[in-house]
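Novice: If it helps, the file is called run_36.tsv and holds TSV, C-alpha atoms:
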```tsv
chain	number	residue	atom	x	y	z
S	2	MET	CA	-0.44	15.18	23.57
S	3	PHE	CA	0.40	13.21	20.38
S	4	GLY	CA	2.13	16.32	19.00
S	5	ALA	CA	-0.97	18.52	18.68
S	6	ILE	CA	1.02	21.37	17.14
S	7	LYS	CA	2.50	19.00	14.55
S	8	GLN	CA	-1.00	17.82	13.64
S	9	ASP	CA	-2.03	21.42	12.98
S	10	ILE	CA	1.09	22.24	10.97
S	11	LYS	CA	0.55	19.46	8.45
S	12	ASN	CA	-3.01	20.69	7.86
S	13	ILE	CA	-2.41	24.43	7.51
S	14	VAL	CA	-2.03	24.38	3.71
S	15	GLY	CA	-4.04	22.51	1.12
S	16	TRP	CA	-7.36	21.91	-0.58
S	17	LYS	CA	-10.31	22.79	1.61
S	18	THR	CA	-13.79	21.37	1.97
S	19	ASN	CA	-16.63	21.87	4.41
S	20	ARG	CA	-17.53	18.20	4.04
S	21	LYS	CA	-16.10	15.75	6.55
S	22	LEU	CA	-14.43	13.27	4.23
S	23	ILE	CA	-12.66	10.11	5.39
S	24	VAL	CA	-10.30	8.17	3.11
S	25	PHE	CA	-8.55	4.94	4.14
S	26	SER	CA	-5.40	4.60	2.01
S	27	VAL	CA	-4.08	1.12	2.75
S	28	ASP	CA	-0.88	-0.08	1.07
S	29	ASP	CA	0.48	-3.45	-0.11
S	30	TYR	CA	-2.61	-5.32	-1.28
S	31	GLY	CA	-1.94	-7.96	-3.93
S	32	ASN	CA	1.68	-8.40	-2.88
S	33	ILE	CA	3.23	-11.68	-1.77
S	34	ARG	CA	5.69	-11.18	1.07
S	35	ILE	CA	5.36	-14.34	3.20
S	36	ASP	CA	3.76	-17.24	1.35
S	37	SER	CA	2.37	-19.17	4.31
S	38	LYS	CA	2.82	-20.23	7.92
S	39	LEU	CA	5.04	-23.08	6.74
S	40	ALA	CA	7.18	-20.67	4.72
S	41	ARG	CA	7.66	-18.48	7.79
S	42	GLN	CA	8.66	-21.56	9.82
S	43	ASN	CA	11.14	-22.58	7.12
S	44	LEU	CA	12.65	-19.10	7.05
S	45	ASP	CA	12.95	-19.13	10.84
S	46	ALA	CA	14.69	-22.50	10.72
S	47	ALA	CA	17.12	-21.17	8.11
S	48	GLY	CA	17.96	-18.18	10.31
S	49	ILE	CA	16.24	-15.62	8.06
S	50	LYS	CA	15.42	-12.69	10.34
S	51	CYS	CA	12.11	-10.98	10.92
S	52	HIS	CA	13.18	-7.36	10.64
S	53	ASN	CA	9.68	-6.04	11.29
S	54	ARG	CA	6.01	-6.99	11.53
S	55	PHE	CA	5.80	-7.23	7.72
S	56	ASP	CA	8.38	-10.04	7.72
S	57	LYS	CA	6.36	-11.77	10.44
S	58	TYR	CA	2.76	-11.45	9.31
S	59	ASP	CA	2.34	-9.86	5.88
S	60	THR	CA	0.76	-12.37	3.50
S	61	LEU	CA	-1.36	-12.21	0.38
S	62	GLU	CA	-4.85	-11.45	1.68
S	63	THR	CA	-6.90	-14.59	2.31
S	64	THR	CA	-10.60	-15.35	2.14
S	65	ALA	CA	-10.82	-15.06	5.94
S	66	ASP	CA	-8.92	-11.75	5.87
S	67	LEU	CA	-11.33	-10.19	3.37
S	68	GLU	CA	-14.49	-11.64	4.92
S	69	ALA	CA	-13.55	-10.25	8.34
S	70	LEU	CA	-12.51	-6.91	6.88
S	71	PHE	CA	-15.71	-6.53	4.86
S	72	HIS	CA	-17.79	-7.31	7.95
S	73	ILE	CA	-16.13	-4.44	9.81
S	74	LEU	CA	-16.37	-1.98	6.91
S	75	ASP	CA	-20.04	-2.79	6.38
S	76	SER	CA	-20.86	-2.48	10.08
S	77	VAL	CA	-21.06	1.32	9.88
S	78	LYS	CA	-22.81	3.71	7.52
S	79	ASP	CA	-22.01	7.33	6.82
S	80	THR	CA	-24.41	10.24	6.48
S	81	LYS	CA	-25.31	9.07	2.95
S	82	GLY	CA	-25.91	5.48	4.03
S	83	LYS	CA	-22.66	4.20	2.54
S	84	PRO	CA	-20.34	1.77	4.34
S	85	ALA	CA	-16.72	2.51	5.11
S	86	VAL	CA	-14.46	1.90	2.12
S	87	PHE	CA	-10.80	0.95	1.81
S	88	THR	CA	-8.61	2.27	-0.98
S	89	PRO	CA	-6.21	-0.66	-1.24
S	90	PHE	CA	-3.12	0.64	-3.01
S	91	SER	CA	-2.38	-2.58	-4.87
S	92	VAL	CA	0.19	-4.22	-7.10
S	93	PRO	CA	-1.24	-6.22	-10.02
S	94	CYS	CA	1.83	-8.46	-10.39
S	95	ASN	CA	4.07	-10.72	-8.32
S	96	ILE	CA	7.15	-12.90	-8.67
S	97	ASN	CA	6.53	-16.08	-10.63
S	98	PHE	CA	8.44	-18.31	-8.23
S	99	GLU	CA	8.09	-21.43	-10.37
S	100	ALA	CA	9.56	-19.66	-13.41
S	101	LEU	CA	12.51	-18.46	-11.35
S	102	ARG	CA	13.23	-22.02	-10.29
S	103	GLN	CA	13.04	-23.16	-13.89
S	104	ASN	CA	15.57	-20.55	-15.06
S	105	ASN	CA	17.82	-21.43	-12.10
S	106	TYR	CA	17.35	-18.01	-10.48
S	107	THR	CA	19.02	-16.05	-13.25
S	108	LYS	CA	16.32	-13.60	-14.35
S	109	PHE	CA	13.17	-12.04	-12.90
S	110	VAL	CA	9.85	-13.35	-14.21
S	111	GLY	CA	6.50	-11.95	-13.09
S	112	GLU	CA	2.87	-12.97	-13.23
S	113	ASP	CA	-0.40	-11.12	-12.83
S	114	LEU	CA	-2.44	-11.23	-9.64
S	115	VAL	CA	-5.26	-13.32	-11.09
S	116	ARG	CA	-2.73	-16.06	-11.94
S	117	THR	CA	-1.22	-15.74	-8.46
S	118	TYR	CA	-4.63	-16.34	-6.89
S	119	GLN	CA	-5.32	-19.29	-9.20
S	120	LYS	CA	-2.09	-20.94	-8.12
S	121	LYS	CA	-2.67	-20.15	-4.45
S	122	ALA	CA	-6.16	-21.66	-4.67
S	123	ASP	CA	-4.70	-24.88	-6.12
S	124	ILE	CA	-2.06	-25.15	-3.39
S	125	ASP	CA	-4.07	-23.85	-0.43
S	126	PRO	CA	-7.79	-24.14	-1.28
S	127	GLU	CA	-8.91	-23.60	2.32
S	128	ASN	CA	-7.52	-20.08	2.40
S	129	TYR	CA	-7.62	-18.96	-1.23
S	130	THR	CA	-10.35	-20.68	-3.28
S	131	LYS	CA	-12.87	-17.84	-2.81
S	132	THR	CA	-10.49	-14.93	-2.39
S	133	TRP	CA	-10.43	-13.43	-5.88
S	134	ASN	CA	-14.21	-13.64	-6.12
S	135	LEU	CA	-14.38	-11.82	-2.77
S	136	TRP	CA	-12.12	-9.12	-4.17
S	137	ARG	CA	-14.57	-8.59	-7.00
S	138	GLU	CA	-17.54	-8.56	-4.62
S	139	GLY	CA	-15.78	-5.99	-2.43
S	140	ILE	CA	-15.21	-3.72	-5.42
S	141	ASP	CA	-18.77	-4.09	-6.70
S	142	GLY	CA	-20.17	-3.55	-3.19
S	143	GLY	CA	-18.28	-0.32	-2.60
S	144	LEU	CA	-16.05	-1.73	0.15
S	145	MET	CA	-12.83	-1.76	-1.90
S	146	ALA	CA	-11.74	0.95	-4.34
S	147	PRO	CA	-8.25	-0.11	-5.46
S	148	GLN	CA	-5.60	2.24	-6.79
S	149	TYR	CA	-2.08	1.79	-8.18
S	150	HIS	CA	0.92	0.88	-5.99
S	151	GLY	CA	3.36	0.02	-8.77
S	152	ARG	CA	3.67	-3.16	-10.83
S	153	GLU	CA	5.53	-5.24	-8.20
S	154	HIS	CA	6.59	-4.35	-4.66
S	155	LEU	CA	10.29	-5.08	-5.16
S	156	HIS	CA	13.40	-3.72	-6.83
S	157	ILE	CA	14.05	-5.94	-9.86
S	158	LYS	CA	17.69	-4.92	-10.35
S	159	VAL	CA	18.52	-5.81	-6.74
S	160	LEU	CA	16.69	-9.13	-6.98
S	161	GLU	CA	18.50	-10.14	-10.16
S	162	GLU	CA	21.89	-9.12	-8.78
S	163	LYS	CA	21.36	-11.09	-5.60
S	164	MET	CA	20.21	-14.16	-7.54
S	165	ARG	CA	23.37	-14.02	-9.68
S	166	GLN	CA	25.42	-13.71	-6.48
S	167	ASN	CA	23.67	-16.78	-5.00
S	168	ASP	CA	22.66	-14.67	-2.02
S	169	ALA	CA	21.59	-17.13	0.68
S	170	GLU	CA	18.82	-14.95	2.14
S	171	VAL	CA	17.23	-14.20	-1.21
S	172	LEU	CA	17.44	-17.76	-2.51
S	173	THR	CA	16.02	-19.18	0.73
S	174	ALA	CA	13.12	-16.73	0.58
S	175	LEU	CA	12.43	-17.46	-3.11
S	176	LYS	CA	12.55	-21.22	-2.58
S	177	ASN	CA	9.80	-20.68	0.00
S	178	ASN	CA	7.71	-18.61	-2.46
S	179	SER	CA	8.40	-15.51	-0.38
S	180	TYR	CA	10.36	-12.26	-0.53
S	181	ALA	CA	11.06	-11.23	3.04
S	182	GLY	CA	13.76	-11.13	5.71
S	183	ILE	CA	16.40	-9.78	3.34
S	184	ASP	CA	18.98	-7.83	5.28
S	185	ASN	CA	20.05	-5.20	2.75
S	186	SER	CA	20.13	-4.40	-0.94
S	187	GLY	CA	23.85	-3.71	-1.23
S	188	TYR	CA	23.10	-0.05	-1.98
S	189	SER	CA	22.84	2.81	0.50
S	190	THR	CA	20.03	4.49	-1.46
S	191	ILE	CA	18.04	1.45	-2.62
S	192	SER	CA	15.63	-0.70	-0.64
S	193	ASN	CA	14.88	-4.30	-1.65
S	194	LEU	CA	11.18	-3.48	-1.73
S	195	ALA	CA	11.22	0.04	-3.22
S	196	ALA	CA	10.68	-0.53	-6.94
S	197	PHE	CA	11.84	2.91	-8.06
S	198	ASP	CA	14.87	3.56	-5.85
S	199	PHE	CA	18.19	4.30	-7.58
S	200	TRP	CA	21.81	5.33	-7.06
S	201	ASP	CA	22.56	6.98	-10.42
S	202	VAL	CA	19.67	9.08	-11.70
S	203	ARG	CA	20.16	7.49	-15.14
S	204	GLU	CA	18.77	4.25	-13.70
S	205	ASN	CA	15.33	5.85	-13.88
S	206	GLU	CA	15.23	5.19	-17.61
S	207	SER	CA	14.43	1.55	-16.89
S	208	PHE	CA	11.46	2.44	-14.69
S	209	THR	CA	9.29	3.95	-17.42
S	210	GLU	CA	8.36	0.56	-18.88
S	211	ILE	CA	7.65	-0.84	-15.42
S	212	LEU	CA	5.32	2.06	-14.59
S	213	GLU	CA	3.48	1.90	-17.90
S	214	SER	CA	3.12	-1.87	-18.10
S	215	GLY	CA	2.09	-1.92	-14.45
S	216	ILE	CA	-0.80	0.44	-15.13
S	217	GLU	CA	-1.92	-1.72	-18.06
S	218	SER	CA	-1.71	-4.80	-15.83
S	219	PHE	CA	-3.75	-3.00	-13.17
S	220	LYS	CA	-6.47	-2.25	-15.71
S	221	LYS	CA	-6.52	-5.87	-16.84
S	222	VAL	CA	-6.54	-7.34	-13.33
S	223	PHE	CA	-8.98	-4.99	-11.59
S	224	GLY	CA	-11.02	-3.82	-14.56
S	225	LEU	CA	-10.46	-0.22	-13.47
S	226	ASN	CA	-8.46	2.77	-14.70
S	227	PRO	CA	-6.30	3.94	-11.78
S	228	THR	CA	-6.14	7.68	-11.13
S	229	CYS	CA	-4.08	7.66	-7.90
S	230	PHE	CA	-0.59	6.32	-7.30
S	231	THR	CA	1.51	5.58	-4.24
S	232	PRO	CA	4.94	4.17	-5.10
S	233	PRO	CA	6.30	1.28	-3.04
S	234	SER	CA	8.00	2.74	0.05
S	235	TYR	CA	6.77	6.16	-1.21
S	236	ASN	CA	9.92	6.74	-3.30
S	237	ILE	CA	9.89	7.90	-6.91
S	238	HIS	CA	11.69	10.66	-8.80
S	239	PRO	CA	9.43	13.51	-10.01
S	240	MET	CA	10.74	12.99	-13.54
S	241	HIS	CA	8.19	10.17	-13.81
S	242	TYR	CA	5.17	12.35	-13.11
S	243	GLU	CA	4.62	13.19	-16.78
S	244	THR	CA	4.66	9.50	-17.73
S	245	LEU	CA	2.16	8.73	-14.98
S	246	TYR	CA	-0.08	11.63	-16.05
S	247	ASN	CA	-0.04	10.42	-19.66
S	248	LYS	CA	-1.22	7.00	-18.42
S	249	GLY	CA	-4.19	8.49	-16.58
S	250	ILE	CA	-2.74	9.05	-13.11
S	251	ARG	CA	-3.89	12.39	-11.74
S	252	PHE	CA	-2.86	12.18	-8.07
S	253	ILE	CA	0.23	11.03	-6.23
S	254	ASP	CA	-0.36	10.06	-2.63
S	255	GLY	CA	2.18	10.44	0.17
S	256	ALA	CA	3.43	12.28	3.21
S	257	SER	CA	3.70	16.01	3.90
S	258	PHE	CA	7.49	16.05	4.18
S	259	GLN	CA	9.57	14.18	1.63
S	260	SER	CA	13.22	13.63	0.77
S	261	ILE	CA	13.72	13.56	-2.99
S	262	HIS	CA	16.80	11.68	-4.14
S	263	LEU	CA	18.80	13.64	-6.71
S	264	GLY	CA	21.33	10.89	-7.29
S	265	PHE	CA	24.53	9.59	-5.69
S	266	GLY	CA	23.12	9.94	-2.19
S	267	LYS	CA	22.20	13.62	-2.42
S	268	TYR	CA	18.68	14.63	-1.36
S	269	LYS	CA	16.50	17.70	-1.22
S	270	LYS	CA	13.61	18.28	1.14
S	271	ALA	CA	10.15	18.94	-0.24
S	272	PHE	CA	6.88	19.92	1.38
S	273	SER	CA	3.64	18.63	-0.08
S	274	TYR	CA	-0.03	19.26	0.57
S	275	THR	CA	-3.33	18.05	-0.81
S	276	GLY	CA	-4.07	19.82	-4.08
S	277	LYS	CA	-0.48	20.84	-4.80
S	278	VAL	CA	0.22	20.78	-8.55
S	279	ASN	CA	3.49	19.01	-9.35
S	280	LYS	CA	5.63	18.57	-12.43
S	281	GLY	CA	3.64	17.09	-15.29
S	282	GLY	CA	0.31	18.27	-13.88
S	283	ILE	CA	-0.08	15.57	-11.23
S	284	LYS	CA	-1.54	16.78	-7.94
S	285	SER	CA	-0.62	15.64	-4.46
S	286	VAL	CA	-2.85	14.02	-1.88
S	287	VAL	CA	-1.28	14.04	1.57
S	288	ARG	CA	-1.92	11.39	4.18
S	289	ASN	CA	-2.56	13.41	7.33
S	290	VAL	CA	-3.63	10.54	9.64
S	291	VAL	CA	-1.56	7.49	10.60
S	292	PHE	CA	-3.30	4.31	11.77
S	293	GLU	CA	-1.09	1.24	12.29
S	294	PRO	CA	-2.87	-0.70	15.06
S	295	THR	CA	-0.56	-3.75	15.04
S	296	GLU	CA	2.61	-1.67	15.29
S	297	ASP	CA	3.72	-1.80	18.91
S	298	ARG	CA	4.85	1.74	19.69
S	299	GLY	CA	3.03	2.18	22.98
S	300	ILE	CA	0.34	4.21	21.24
S	301	ASP	CA	-3.42	4.03	21.61
S	302	TRP	CA	-3.93	3.97	17.87
S	303	VAL	CA	-7.66	4.63	17.97
S	304	ALA	CA	-7.23	7.70	20.18
S	305	PHE	CA	-4.29	8.89	18.09
S	306	ALA	CA	-6.22	8.54	14.84
S	307	LEU	CA	-9.18	10.47	16.25
S	308	ILE	CA	-6.92	13.35	17.30
S	309	GLN	CA	-5.41	13.46	13.80
S	310	ILE	CA	-8.83	13.35	12.14
S	311	GLU	CA	-10.03	16.14	14.41
S	312	ALA	CA	-7.07	18.28	13.37
S	313	ALA	CA	-7.82	17.67	9.68
S	314	PHE	CA	-11.47	18.62	10.09
S	315	ARG	CA	-10.54	21.67	12.18
S	316	TRP	CA	-8.66	23.00	9.16
S	317	ASN	CA	-11.38	21.91	6.70
S	318	ARG	CA	-9.20	19.20	5.18
S	319	PRO	CA	-10.18	15.68	4.22
S	320	ALA	CA	-8.83	13.07	6.64
S	321	VAL	CA	-6.65	10.71	4.59
S	322	ILE	CA	-5.78	7.77	6.82
S	323	SER	CA	-2.55	5.91	6.08
S	324	SER	CA	-2.37	2.21	6.90
S	325	HIS	CA	-1.02	-1.12	5.64
S	326	ARG	CA	-2.49	-4.52	4.83
S	327	VAL	CA	-0.32	-6.19	7.49
S	328	ASN	CA	-2.62	-4.76	10.16
S	329	PHE	CA	-5.43	-6.98	8.88
S	330	CYS	CA	-3.54	-10.22	8.01
S	331	GLY	CA	-4.31	-13.40	9.95
S	332	LEU	CA	-2.82	-16.29	7.97
S	333	ILE	CA	0.37	-16.47	10.02
S	334	GLU	CA	-1.21	-15.37	13.30
S	335	GLU	CA	-4.94	-14.85	13.70
S	336	LYS	CA	-4.34	-12.64	16.74
S	337	ASN	CA	-2.64	-10.09	14.49
S	338	ARG	CA	-5.79	-9.74	12.36
S	339	GLU	CA	-7.97	-9.67	15.47
S	340	ILE	CA	-6.00	-6.77	16.97
S	341	GLY	CA	-6.09	-4.78	13.74
S	342	LEU	CA	-9.76	-5.30	12.97
S	343	ASN	CA	-10.88	-4.68	16.54
S	344	ALA	CA	-9.08	-1.33	16.43
S	345	LEU	CA	-10.56	-0.54	13.02
S	346	GLY	CA	-14.07	-1.34	14.26
S	347	GLN	CA	-13.62	0.88	17.32
S	348	LEU	CA	-12.27	3.71	15.18
S	349	LEU	CA	-15.16	3.56	12.71
S	350	LYS	CA	-17.80	3.55	15.44
S	351	LYS	CA	-16.19	6.50	17.19
S	352	ILE	CA	-15.89	8.42	13.92
S	353	ILE	CA	-19.60	8.20	13.08
S	354	LYS	CA	-20.56	8.98	16.69
S	355	LYS	CA	-18.30	12.06	16.89
S	356	TRP	CA	-19.04	13.29	13.35
S	357	PRO	CA	-22.51	12.09	12.24
S	358	ASP	CA	-22.15	14.00	8.97
S	359	VAL	CA	-18.97	12.13	7.97
S	360	GLU	CA	-18.61	10.69	4.45
S	361	PHE	CA	-16.49	7.65	3.55
S	362	VAL	CA	-14.91	8.02	0.11
S	363	GLY	CA	-12.23	6.27	-1.91
S	364	ALA	CA	-9.04	8.07	-2.90
S	365	GLY	CA	-10.23	8.25	-6.49
S	366	ASP	CA	-13.49	9.92	-5.47
S	367	LEU	CA	-11.56	12.41	-3.35
S	368	GLY	CA	-9.48	13.16	-6.42
S	369	LYS	CA	-12.59	13.89	-8.45
S	370	LEU	CA	-13.74	16.36	-5.80
S	371	ILE	CA	-10.37	18.08	-5.77
S	372	GLY	CA	-10.44	18.25	-9.56
S	373	GLU	CA	-13.78	20.05	-9.49
S	374	LYS	CA	-12.16	23.09	-7.90
S	375	LYS	CA	-9.47	24.57	-10.09
```
Produce structure tokens that represent the structure in this file.
Specialist:
Amino acid sequence: MFGAIKQDIKNIVGWKTNRKLIVFSVDDYGNIRIDSKLARQNLDAAGIKCHNRFDKYDTLETTADLEALFHILDSVKDTKGKPAVFTPFSVPCNINFEALRQNNYTKFVGEDLVRTYQKKADIDPENYTKTWNLWREGIDGGLMAPQYHGREHLHIKVLEEKMRQNDAEVLTALKNNSYAGIDNSGYSTISNLAAFDFWDVRENESFTEILESGIESFKKVFGLNPTCFTPPSYNIHPMHYETLYNKGIRFIDGASFQSIHLGFGKYKKAFSYTGKVNKGGIKSVVRNVVFEPTEDRGIDWVAFALIQIEAAFRWNRPAVISSHRVNFCGLIEEKNREIGLNALGQLLKKIIKKWPDVEFVGAGDLGKLIGEKK
């Protein structure tokens, strides 16, 4: 059931611990995908497709989103009396939609997340006036432990090319302060949303500045030095590991099995595991549990997550739970947030009942523990 053998295989190798550690690695925080319910309605009216649940529901986290999430996280305590904690892999920057309009959609312009929230609070005070303060309270209260997800969650070259081409999908999305529903990038090896995808390996030269300035922006926005990194869509060439390490990143977070693009559509397979030392000295942290409660795949996500956690603990591995912000977004549809948070609440209660000695830790704290054992 649920591929029990597969669950064991992905836990056979890696860093071991006798402690029952739970990490929630949740991607996409800070990113604007759909601006608002009105924006989604406008995109629908213009015939812009919803390719997935992200195009339907994924919005910048609101006050209500964070308040409801914090209530669930704080409803349980681990063996040390600490609440559950999210590691929101976050981008510190977004598209400056107003600046793009002013330059007639000719060149990308970004802005930091604090400015994004200020503007959102001016336009939609009901949903965003308190949100950035809540972010800070969540960090200070041990409910949120953000880490680095890249500077922006988009491919700048693709965006600029499509703006120059007057691409109808892209321009319609941008005019609605959104970046969603875009059919394709025009490249077989590049996604619209994967910041570090490429066709020719030489394109990676332009990514160094994005990575470095993104980390500096993260420090400025969150007041924290990131030590863990998950690239948008999980794609980045290993040549960047040394740059990341020099900027303080010690762990790269992802899946067990990866396809590394070598250029011109050629790939090589790679196997990763928690504690693996990569090029440049960066170590891997592998997500060995998947929890996507609003993804309709006919799966009991709570039961599935528990089976995966059990497999991790059976092999003395930390349980690193992979999820996405979209599971907990309610601006477009409150029912979406309700489904996701109800499942999260059930999962947390069952975790502490089944494993009373469990510990909730952020990805950065897990990294410190791994670093203690050479």
Novice: Each residue of range 214-312 of chain S lying at most 12 Å from range 86-102 of chain S should get a row with its shortest atom-to-atom pair and the distance in Å to one decimal, counting all atoms listed in the file; could you produce that, ordered by chain and increasing number, as JSON lines?
Specialist:
```
{"residue": "S:Ser214", "atom": "CA", "partner": "S:Pro93", "partner_atom": "CA", "distance": 10.2}
{"residue": "S:Gly215", "atom": "CA", "partner": "S:Pro93", "partner_atom": "CA", "distance": 7.0}
{"residue": "S:Ile216", "atom": "CA", "partner": "S:Pro93", "partner_atom": "CA", "distance": 8.4}
{"residue": "S:Glu217", "atom": "CA", "partner": "S:Pro93", "partner_atom": "CA", "distance": 9.2}
{"residue": "S:Ser218", "atom": "CA", "partner": "S:Pro93", "partner_atom": "CA", "distance": 6.0}
{"residue": "S:Phe219", "atom": "CA", "partner": "S:Pro93", "partner_atom": "CA", "distance": 5.2}
{"residue": "S:Lys220", "atom": "CA", "partner": "S:Pro93", "partner_atom": "CA", "distance": 8.7}
{"residue": "S:Lys221", "atom": "CA", "partner": "S:Pro93", "partner_atom": "CA", "distance": 8.6}
{"residue": "S:Val222", "atom": "CA", "partner": "S:Pro93", "partner_atom": "CA", "distance": 6.3}
{"residue": "S:Phe223", "atom": "CA", "partner": "S:Pro93", "partner_atom": "CA", "distance": 8.0}
{"residue": "S:Gly224", "atom": "CA", "partner": "S:Pro93", "partner_atom": "CA", "distance": 11.0}
{"residue": "S:Leu225", "atom": "CA", "partner": "S:Pro93", "partner_atom": "CA", "distance": 11.5}
{"residue": "S:Pro227", "atom": "CA", "partner": "S:Phe90", "partner_atom": "CA", "distance": 9.9}
{"residue": "S:Thr228", "atom": "CA", "partner": "S:Phe90", "partner_atom": "CA", "distance": 11.2}
{"residue": "S:Cys229", "atom": "CA", "partner": "S:Phe90", "partner_atom": "CA", "distance": 8.6}
{"residue": "S:Phe230", "atom": "CA", "partner": "S:Phe90", "partner_atom": "CA", "distance": 7.6}
{"residue": "S:Thr231", "atom": "CA", "partner": "S:Phe90", "partner_atom": "CA", "distance": 6.9}
{"residue": "S:Pro232", "atom": "CA", "partner": "S:Phe90", "partner_atom": "CA", "distance": 9.0}
{"residue": "S:Pro233", "atom": "CA", "partner": "S:Val92", "partner_atom": "CA", "distance": 9.2}
{"residue": "S:Ser234", "atom": "CA", "partner": "S:Phe90", "partner_atom": "CA", "distance": 11.7}
{"residue": "S:Tyr235", "atom": "CA", "partner": "S:Phe90", "partner_atom": "CA", "distance": 11.5}
{"residue": "S:Ile253", "atom": "CA", "partner": "S:Phe90", "partner_atom": "CA", "distance": 11.4}
{"residue": "S:Asp254", "atom": "CA", "partner": "S:Phe90", "partner_atom": "CA", "distance": 9.8}
{"residue": "S:Gly255", "atom": "CA", "partner": "S:Phe90", "partner_atom": "CA", "distance": 11.6}
```
Novice: For Leu39 in chain S, which of S:Tyr268, S:Tyr118, S:Gln8, S:Glu334 is the closest residue, counting all atoms listed in the file?
Specialist: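 Smallest distance to Leu39 in chain S is found for S:Glu334.
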Novice: Residues near Ile13 in chain S, anyone? I mean within 9 Å using only C-alpha atoms, not counting same-chain ones fewer than 6 positions away, as JSON, numbers by chain.
Specialist: {"S": [274, 313, 316, 318]}
Novice: Skipping near chain neighbours, those fewer than 6 positions away, what residues fall within 12 Å of Glu127 in chain S using all atoms listed in the file, listed as a list of chain:residue names?
Specialist: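 These residues fall inside the cut-off: S:Thr63, S:Thr64, S:Ala65, S:Lys121, S:Leu332.
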Novice: Pick out the residues sitting within 12 Å of Val287 in chain S, and hand them over as an NGL selection string; count only C-alpha atoms, and ignore anything fewer than 5 positions along from it in its own chain.
Specialist: :S and (11-12 or 14-16 or 24-26 or 229-231 or 235 or 252-259 or 272-277 or 313 or 318-323 or 364 or 367-368)
Novice: Please report the interatomic distance between CA of Ile35 in chain S and CA of Ser179 in chain S in Å with one decimal.
Specialist: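 Between CA of Ile35 in chain S and CA of Ser179 in chain S the gap works out to 4.8 Å.
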